[in-house]
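Chemist: After the structure tokens below, expect a handful of questions from me.
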Amino acid sequence: MEFRFYEIPKGDYVLPKLGRGWEQEYGLGYGRMLHFHNYLEIGYCYSGRGELLIEDRTYVYGDNMFSIIPENIPHTTISSPGNICKWEFLFIDIKEFIRSQMNSDDMSVDQMIRIINKRGTLKTAQNHPRMNELILRIIDECRNERMYYKESVNGYLRALVIEILRLDEERERAKGARITSFVKDSVEYINSHYAEDVKMADVASACGLSESHFRRLFETSMHMKPLDYLNMVRIDEACRLIRGGDRSIDQIGITVGYDTPSTFIRNFRKLTGMTPNEWRKIQVRNGNIRANYHISAERGWEA
């Protein structure tokens, strides 16, 4: 792996690497060797095809695509065999720019820097037209150096930082939606199968997750273990059956999924503070256990 070091002149935030020298067959003679930089790198591919390796991820690049790669992130560009690719690059002292040029009531400077440097990515002009336009405007200002071009670059760069922060928010929102979907599926599975011999491995499989990943997502989103939720559903149904008929306590325990009376009584007491017989005696009417819990997954979904 190589460390490729650049120096940005004092007072500037952007070092452009433009022109014909960057039109080449990338990776030739380097194999798949990775490198990293001391500044954030933005690369713009005007034409060509190949692969962009960022850490352990491989992207396929083509015309009108751009990469955003933070400092110290290993990466490399590899053209398809015999393919001359036209790229241009901007190296940006993003830490110094954010510290000196940006402030926000919603987010600290350190938070902005952390998000910007979180991960590298490759995007298309079609899917991210706003970011694409800002990058091309910065390149144009750096190429032509018209009057006040540095001030113009700083303005576009500020807008670009905001777009990258928004991109991270979109990514986190999508992640939250996926987590919510997984948790919702698991809750529905438990609600439908609580009377059976439910194994958490079966619930995880029904959600398309490994058991360990499922448990981690469930506990993070629901603030309780999956087994605790299963017991809550079972005891909630047991309360309904106790109020609604003359079945014995042992029969009710078996009906809601417990193999032994002792296990049923232990879990009933844990959630209600009393035994099933004590519950029956005081004739509690509104004993919906789940109603006493605020169970929520990320982004406001509630069960």
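Chain lettering (A, B, ...) mirrors the order of the structure tokens, residue numbering begins at 1 for each chain separately, and ligand numbering begins at 1 in order of display.
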Please return as a PyMOL selection string: the residues of stretch 63-227 of chain A that backbone DSSP assigns to helix (DSSP H, G or I).

Modeler: chain A and resi 94-101+109-116+129-144+149-193+200-207+211-222+226-227

Chemist: Fewer than 5 positions away in the same chain doesn't count, so skip those; otherwise give me all residues within 8 Å of stretch 61-75 of chain A, counting only C-alpha atoms, as a PyMOL selection string.

Modeler: chain A and resi 1+34-55+116-125+132

Chemist: Residues within 12 Å of A:Ser248, please, as a ChimeraX atom specification. Count only C-alpha atoms; anything in the same chain fewer than 6 positions from it doesn't count.

Modeler: /A:238,241-242,254-255,261,276-277,280

Chemist: Need the shell around A:Arg216: protein/DNA/RNA residues with any atom at most 12 Å away, counting only C-alpha atoms. Skip same-chain ones fewer than 3 positions apart. Format as a list in words?

Modeler: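 With the cut-off at 12 Å, the set is Ile179, Phe182, Val183, Met200, Ala204, Leu209, Ser210, Glu211, Ser212, His213, Glu219, Thr220, Ser221, Met222, His223, Met224, Lys225 and Pro226 of chain A.
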
Chemist: Out of A:Glu163, A:Glu169, A:Glu7, A:Asp236, which residue has the shortest atom-to-atom distance to A:His128 when counting only C-alpha atoms?

Modeler: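 Result for the nearest residue to A:His128: A:Glu163.
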
Chemist: Would you work out the distance separating atom CA of A:Tyr59 from atom CA of A:Cys207, expressed in Å to one decimal?

Modeler: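 A separation of 27.8 Å between them.
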